[in-house]
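Coordinates from data-v5.cif are shown below (mmCIF, C-alpha atoms).
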```
data_entry
#
loop_
_atom_site.group_PDB
_atom_site.id
_atom_site.type_symbol
_atom_site.label_atom_id
_atom_site.label_comp_id
_atom_site.auth_asym_id
_atom_site.auth_seq_id
_atom_site.Cartn_x
_atom_site.Cartn_y
_atom_site.Cartn_z
ATOM 1 C CA MET B 100 103.319 136.552 107.779
ATOM 2 C CA LYS B 101 107.010 136.319 108.619
ATOM 3 C CA HIS B 102 109.299 139.328 108.993
ATOM 4 C CA SER B 103 113.047 138.931 109.452
ATOM 5 C CA GLY B 104 115.870 141.200 110.465
ATOM 6 C CA SER B 105 118.857 141.585 112.733
ATOM 7 C CA CYS B 106 121.134 144.006 114.433
ATOM 8 C CA HIS B 107 123.271 146.042 112.016
ATOM 9 C CA CYS B 108 126.140 143.522 111.811
ATOM 10 C CA GLY B 109 123.924 140.401 111.784
ATOM 11 C CA ALA B 110 125.197 138.883 115.025
ATOM 12 C CA ILE B 111 121.662 138.792 116.511
ATOM 13 C CA GLY B 112 118.798 137.713 114.268
ATOM 14 C CA VAL B 113 115.123 138.566 114.679
ATOM 15 C CA ASP B 114 112.194 136.669 113.169
ATOM 16 C CA LEU B 115 108.630 137.810 113.800
ATOM 17 C CA GLU B 116 105.586 135.764 112.813
ATOM 18 C CA THR B 117 102.269 137.576 113.003
ATOM 19 C CA ASP B 118 98.918 137.360 111.270
ATOM 20 C CA GLY B 119 98.477 141.122 111.234
ATOM 21 C CA GLU B 120 99.352 143.377 108.344
ATOM 22 C CA PRO B 121 102.408 145.528 109.160
ATOM 23 C CA ARG B 122 100.554 148.809 108.507
ATOM 24 C CA GLU B 123 97.901 147.776 111.082
ATOM 25 C CA GLN B 124 100.283 146.766 113.876
ATOM 26 C CA VAL B 125 100.354 148.897 117.008
ATOM 27 C CA ILE B 126 103.834 150.217 117.725
ATOM 28 C CA GLY B 127 104.767 151.537 121.162
ATOM 29 C CA ALA B 128 107.168 154.195 122.349
ATOM 30 C CA CYS B 129 108.025 153.402 125.943
ATOM 31 C CA GLN B 130 108.894 156.514 127.892
ATOM 32 C CA CYS B 131 111.603 154.969 130.097
ATOM 33 C CA SER B 132 115.034 156.541 129.838
ATOM 34 C CA PHE B 133 116.546 153.504 128.079
ATOM 35 C CA CYS B 134 113.961 153.408 125.291
ATOM 36 C CA ARG B 135 113.987 157.196 124.836
ATOM 37 C CA LYS B 136 117.769 157.267 124.517
ATOM 38 C CA HIS B 137 117.522 154.545 121.839
ATOM 39 C CA ASN B 138 114.478 156.131 120.164
ATOM 40 C CA ALA B 139 113.042 152.612 120.167
ATOM 41 C CA ARG B 140 109.818 151.658 118.404
ATOM 42 C CA ALA B 141 108.537 148.608 120.252
ATOM 43 C CA PHE B 142 106.379 145.730 119.048
ATOM 44 C CA SER B 143 104.692 143.096 121.161
ATOM 45 C CA ASP B 144 101.640 140.918 120.586
ATOM 46 C CA PRO B 145 100.804 137.817 122.630
ATOM 47 C CA ARG B 146 99.278 136.222 119.492
ATOM 48 C CA ALA B 147 102.515 136.594 117.510
ATOM 49 C CA ARG B 148 105.778 134.625 117.791
ATOM 50 C CA VAL B 149 109.358 135.895 117.909
ATOM 51 C CA THR B 150 112.587 133.971 117.450
ATOM 52 C CA LEU B 151 115.794 135.673 118.557
ATOM 53 C CA THR B 152 118.906 133.948 117.234
ATOM 54 C CA ALA B 153 122.382 134.559 118.592
ATOM 55 C CA HIS B 154 124.370 133.916 115.393
ATOM 56 C CA GLU B 155 127.438 135.123 117.276
ATOM 57 C CA PRO B 156 126.689 134.566 120.984
ATOM 58 C CA THR B 157 129.793 136.438 122.159
ATOM 59 C CA GLU B 158 128.352 139.638 120.660
ATOM 60 C CA LEU B 159 125.164 139.453 122.723
ATOM 61 C CA GLN B 160 125.170 142.027 125.517
ATOM 62 C CA ARG B 161 122.527 142.041 128.252
ATOM 63 C CA TYR B 162 121.681 145.168 130.195
ATOM 64 C CA THR B 163 119.350 145.475 133.175
ATOM 65 C CA PHE B 164 118.124 148.549 135.022
ATOM 66 C CA GLY B 165 115.189 149.791 137.079
ATOM 67 C CA LEU B 166 113.124 147.000 138.621
ATOM 68 C CA ASN B 167 115.377 144.283 137.119
ATOM 69 C CA THR B 168 112.384 142.533 135.538
ATOM 70 C CA SER B 169 113.847 142.060 132.064
ATOM 71 C CA LYS B 170 117.043 142.199 130.081
ATOM 72 C CA GLN B 171 117.685 144.600 127.263
ATOM 73 C CA ILE B 172 119.477 142.855 124.408
ATOM 74 C CA ILE B 173 122.127 144.900 122.635
ATOM 75 C CA CYS B 174 124.710 143.833 120.072
ATOM 76 C CA ARG B 175 128.152 144.269 121.585
ATOM 77 C CA ARG B 176 129.728 144.846 118.150
ATOM 78 C CA CYS B 177 127.376 147.260 116.368
ATOM 79 C CA GLY B 178 125.491 148.684 119.372
ATOM 80 C CA VAL B 179 121.943 148.086 118.112
ATOM 81 C CA TYR B 180 119.224 147.635 120.720
ATOM 82 C CA VAL B 181 117.408 144.508 119.502
ATOM 83 C CA ALA B 182 114.854 143.504 122.128
ATOM 84 C CA MET B 183 113.836 143.388 125.743
ATOM 85 C CA ILE B 184 113.244 139.894 127.122
ATOM 86 C CA LEU B 185 111.679 138.372 130.215
ATOM 87 C CA THR B 186 112.555 134.767 131.014
ATOM 88 C CA GLU B 187 110.985 132.562 133.653
ATOM 89 C CA ASP B 188 110.755 128.805 134.138
ATOM 90 C CA GLY B 189 112.212 128.028 130.723
ATOM 91 C CA ARG B 190 109.852 130.396 128.898
ATOM 92 C CA ALA B 191 110.599 133.740 127.269
ATOM 93 C CA TRP B 192 108.595 136.791 126.207
ATOM 94 C CA SER B 193 109.877 139.816 124.355
ATOM 95 C CA VAL B 194 109.300 143.239 122.951
ATOM 96 C CA ILE B 195 111.333 143.748 119.809
ATOM 97 C CA ASN B 196 112.711 146.945 118.393
ATOM 98 C CA ILE B 197 110.685 146.986 115.170
ATOM 99 C CA ASP B 198 113.480 148.923 113.483
ATOM 100 C CA THR B 199 115.633 145.768 113.480
ATOM 101 C CA LEU B 200 113.342 144.248 110.821
ATOM 102 C CA ASP B 201 114.364 144.455 107.174
ATOM 103 C CA ASN B 202 110.892 145.679 106.168
ATOM 104 C CA ARG B 203 110.514 148.087 109.111
ATOM 105 C CA ALA B 204 109.084 150.837 106.879
ATOM 106 C CA LEU B 205 105.928 148.739 106.379
ATOM 107 C CA PHE B 206 105.179 149.117 110.110
ATOM 108 C CA SER B 207 103.877 152.609 109.531
ATOM 109 C CA GLN B 208 101.605 153.291 112.513
ATOM 110 C CA PRO B 209 102.797 156.270 114.559
ATOM 111 C CA ALA B 210 104.312 155.042 117.812
ATOM 112 C CA LYS B 211 101.941 155.335 120.771
ATOM 113 C CA LEU B 212 103.474 156.756 123.943
ATOM 114 C CA ARG B 213 103.544 154.308 126.838
ATOM 115 C CA ASP B 214 104.460 155.099 130.431
ATOM 116 C CA TYR B 215 104.850 152.220 132.894
ATOM 117 C CA SER B 216 106.591 154.171 135.647
ATOM 118 C CA SER B 217 103.765 153.620 138.164
ATOM 119 C CA GLU B 218 104.028 149.810 138.039
ATOM 120 C CA ASP B 219 105.511 147.775 140.842
ATOM 121 C CA ARG B 220 107.755 144.781 140.168
ATOM 122 C CA ILE B 221 105.026 142.096 140.325
ATOM 123 C CA GLY B 222 102.584 144.124 138.233
ATOM 124 C CA ARG B 223 105.223 144.771 135.588
ATOM 125 C CA ILE B 224 106.126 141.096 135.274
ATOM 126 C CA GLU B 225 102.464 140.058 135.008
ATOM 127 C CA ARG B 226 101.725 142.714 132.361
ATOM 128 C CA ARG B 227 104.697 141.583 130.330
ATOM 129 C CA LYS B 228 103.709 137.920 130.466
ATOM 130 C CA GLY B 229 100.229 138.856 129.275
ATOM 131 C CA GLN B 230 101.098 141.421 126.606
ATOM 132 C CA TRP B 231 104.558 140.573 125.317
ATOM 133 C CA THR B 232 105.288 138.156 122.487
ATOM 134 C CA PRO B 233 106.116 134.512 123.260
ATOM 135 C CA THR B 234 109.751 134.105 122.226
ATOM 136 C CA THR B 235 112.136 131.319 121.285
ATOM 137 C CA LEU B 236 115.833 131.916 121.997
ATOM 138 C CA VAL B 237 118.168 130.089 119.593
ATOM 139 C CA GLY B 238 121.919 129.788 120.225
ATOM 140 C CA TRP B 239 121.476 131.859 123.346
ATOM 141 C CA PRO B 240 124.402 131.784 125.765
ATOM 142 C CA ASP B 241 123.666 131.017 129.411
ATOM 143 C CA SER B 242 123.117 133.943 131.703
#
```
Go ahead and render the structure in this file as structure tokens.
Amino acid sequence: MKHSGSCHCGAIGVDLETDGEPREQVIGACQCSFCRKHNARAFSDPRARVTLTAHEPTELQRYTFGLNTSKQIICRRCGVYVAMILTEDGRAWSVINIDTLDNRALFSQPAKLRDYSSEDRIGRIERRKGQWTPTTLVGWPDS
């Protein structure tokens, strides 16, 4: 099943392909300060696929904090937090903000609180590679 969406202005597109029904998908609520300030509802599944498309690459803003293990993707124009990505050796994994999808209301599971504050840098990267969604970046500007 394919679900599409974008930031508010459409500069950054999101396509999620998953076999699971939206109402059965587990949604997370990371307790880090960034996610709490954005009230983000996060989706990741290593069996799914995500494509993030920079329709307007100049509007793509990257933000990094904490252990510097990933980049938060925010639209420079409309301010929407779209995803968090980890890239390594030409591969990418992501957690998407489920509220960027057009049919976000179908993802109706209550968000489960998640706290990763006890992880070290290596442990965090390994968890993300194992639990985040394999991601294709289209039209992505170089770092």
Open item on the list: Please expand the PyMOL selection byres ((chain B and resi 187) around 12) into the concrete residues it hits in this file, giving the result as a list in words.
Closed with: Thr168, Ser169, Lys170, Ile184, Leu185, Thr186, Asp188, Gly189, Arg190, Ala191, Trp192, Ser193, Ile224, Glu225, Arg227, Lys228, Pro233 and Thr234 of chain B
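Residues captured in this structure file are Lys101, His102, Gly104, Ser105, Gly112, Val113, Asp114, Leu115, Glu116, Val149, Thr150, Thr199, Leu200, Asp201, Asn202 and Arg203 of chain B, according to the PyMOL selection byres ((chain B and resi 103) around 10).
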Segment 101-130 of chain B near segment 174-181 of chain B within 7 Å: what's each residue's closest atom pair and its distance in Å to one decimal, counting all atoms listed in the file, ordered by chain then ascending residue number, as a Markdown table?
```
| residue | atom | partner | partner_atom | distance |
| --- | --- | --- | --- | --- |
| B:Cys106 | CA | B:Val179 | CA | 5.6 |
| B:His107 | CA | B:Cys177 | CA | 6.1 |
| B:Cys108 | CA | B:Cys177 | CA | 6.0 |
| B:Ile111 | CA | B:Cys174 | CA | 6.9 |
```
Open item on the list: Since I can't run it myself right now, could you work out what the PyMOL selection byres ((chain B and resi 239) around 9) selects here and report it as a ChimeraX atom specification?
Closed with: /B:151-154,156,159,236-238,240-242
TODO: One decimal, Å: what's the distance from atom CA of Ile172 of chain B over to atom CA of Ile126 of chain B, could you say?
DONE: 18.5 Å
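Considering all atoms listed in the file, the residue among B:Ala210, B:Thr235, B:Ile173, B:Glu120 positioned nearest to Ile197 of chain B is B:Ala210.
Taking atom CA of Thr117 of chain B as the reference point, atom CA of Gln208 of chain B is found at 15.7 Å.
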